file work_14.pdb (PDB, C-alpha atoms)
ATOM      1  CA  MET U   1       0.000   0.000   0.000
ATOM      2  CA  LYS U   2       1.391   3.365  -1.017
ATOM      3  CA  ASN U   3       1.295   6.169   1.594
ATOM      4  CA  ASN U   4       1.161   9.773   0.623
ATOM      5  CA  SER U   5       3.507  11.802   2.864
ATOM      6  CA  LYS U   6       1.174  14.805   2.740
ATOM      7  CA  LEU U   7      -1.406  12.905   4.768
ATOM      8  CA  PHE U   8       0.984  12.827   7.726
ATOM      9  CA  GLN U   9       2.020  16.471   7.631
ATOM     10  CA  LYS U  10       0.566  18.834  10.183
ATOM     11  CA  ARG U  11       0.986  22.552   9.756
ATOM     12  CA  ILE U  12       0.144  25.198  12.325
ATOM     13  CA  ALA U  13       0.018  28.846  11.284
ATOM     14  CA  LEU U  14       1.389  31.066  14.054
ATOM     15  CA  GLU U  15       1.405  34.373  12.249
ATOM     16  CA  ASN U  16       1.043  37.355  14.592
ATOM     17  CA  SER U  17       0.997  35.016  17.605
ATOM     18  CA  GLN U  18       3.076  34.908  20.741
ATOM     19  CA  VAL U  19       3.797  31.583  22.372
ATOM     20  CA  ASN U  20       5.956  31.922  25.448
ATOM     21  CA  GLY U  21       4.280  29.831  28.136
ATOM     22  CA  GLY U  22       3.061  32.935  29.952
ATOM     23  CA  ARG U  23      -0.347  33.484  31.459
ATOM     24  CA  ALA U  24      -2.910  34.366  28.853
ATOM     25  CA  MET U  25      -5.317  36.008  31.288
ATOM     26  CA  GLY U  26      -2.811  38.041  33.310
ATOM     27  CA  THR U  27      -2.340  37.798  37.040
ATOM     28  CA  THR U  28      -4.716  38.109  39.951
ATOM     29  CA  ALA U  29      -4.453  39.165  43.584
ATOM     30  CA  LEU U  30      -6.417  37.622  46.435
ATOM     31  CA  CYS U  31      -7.078  39.928  49.415
ATOM     32  CA  THR U  32      -8.571  38.751  52.697
ATOM     33  CA  LYS U  33      -9.796  41.054  55.473
ATOM     34  CA  TYR U  34     -10.608  39.852  58.989
ATOM     35  CA  THR U  35     -12.761  41.829  61.421
ATOM     36  CA  TYR U  36     -13.457  40.892  65.025
ATOM     37  CA  GLY U  37     -16.333  41.962  67.257
ATOM     38  CA  ASP U  38     -18.021  40.763  70.432
ATOM     39  CA  HIS U  39     -17.911  36.944  70.204
ATOM     40  CA  CYS U  40     -17.928  37.136  66.405
ATOM     41  CA  ALA U  41     -15.366  37.114  63.592
ATOM     42  CA  ASP U  42     -15.876  37.935  59.913
ATOM     43  CA  LYS U  43     -13.703  37.127  56.914
ATOM     44  CA  THR U  44     -14.127  38.780  53.501
ATOM     45  CA  THR U  45     -12.081  37.626  50.494
ATOM     46  CA  THR U  46     -11.936  39.571  47.217
ATOM     47  CA  MET U  47     -10.068  38.784  43.976
ATOM     48  CA  TYR U  48      -8.620  41.568  41.786
ATOM     49  CA  ASN U  49      -7.147  41.616  38.264
ATOM     50  CA  ASP U  50      -4.058  43.511  37.050
ATOM     51  CA  GLN U  51      -6.031  46.730  36.645
ATOM     52  CA  GLY U  52      -7.336  46.630  40.236
ATOM     53  CA  ASN U  53     -10.895  45.716  39.245
ATOM     54  CA  THR U  54     -12.850  43.216  41.313
ATOM     55  CA  ILE U  55     -13.315  39.783  39.727
ATOM     56  CA  GLY U  56     -16.673  38.308  40.677
ATOM     57  CA  PHE U  57     -18.158  39.074  44.080
ATOM     58  CA  PRO U  58     -16.483  39.278  47.499
ATOM     59  CA  VAL U  59     -16.970  36.118  49.561
ATOM     60  CA  SER U  60     -17.836  36.507  53.236
ATOM     61  CA  SER U  61     -17.961  34.078  56.133
ATOM     62  CA  SER U  62     -18.639  34.501  59.850
ATOM     63  CA  TRP U  63     -18.081  32.386  62.925
ATOM     64  CA  GLN U  64     -18.629  32.673  66.632
ATOM     65  CA  THR U  65     -15.669  33.135  68.961
ATOM     66  CA  ASP U  66     -15.532  32.656  72.711
TER      67      ASP U  66
END
call {"tool": "encode", "arguments": {"input": "work_14.pdb", "output": "structure tokens"}}
result
Amino acid sequence: MKNNSKLFQKRIALENSQVNGGRAMGTTALCTKYTYGDHCADKTTTMYNDQGNTIGFPVSSSWQTD
């Protein structure tokens, strides 16, 4: 059986592309703030992008302290 070499060639066009293994979406920062009151503690976590904009919504949790 005769094989055509063109069937096994794979070409990828990378014109005007940058491939460097870097992060495609940029970086993020995760900030957590703790507040303490009378027998209560709160934790709020917020994620920010490179421009300082909030990503999603802040996540809050509370617990009772003694």
call {"tool": "atom_distance", "arguments": {"input": "work_14.pdb", "atom1": "atom CA of U:Cys31", "atom2": "atom CA of U:Thr46"}}
result
5.3 Å
call {"tool": "residues_near_point", "arguments": {"input": "work_14.pdb", "point": "(-15.6, 34.6, 71.3)", "cutoff": "10 Å", "atoms": "all atoms listed in the file", "output": "PyMOL selection string"}}
result
chain U and resi 36-41+63-66
call {"tool": "atom_distance", "arguments": {"input": "work_14.pdb", "atom1": "atom CA of U:Met47", "atom2": "atom CA of U:Lys33"}}
result
11.7 Å
call {"tool": "resolve_selection", "arguments": {"input": "work_14.pdb", "expression": "the PyMOL selection byres ((chain U and resi 57) around 9)", "output": "list in words"}}
result
Thr45, Thr46, Met47, Thr54, Ile55, Gly56, Pro58 and Val59 of chain U
call {"tool": "resolve_selection", "arguments": {"input": "work_14.pdb", "expression": "the PyMOL selection byres ((chain U and resi 28) around 6)", "output": "list in words"}}
result
Thr27, Ala29, Tyr48 and Asn49 of chain U
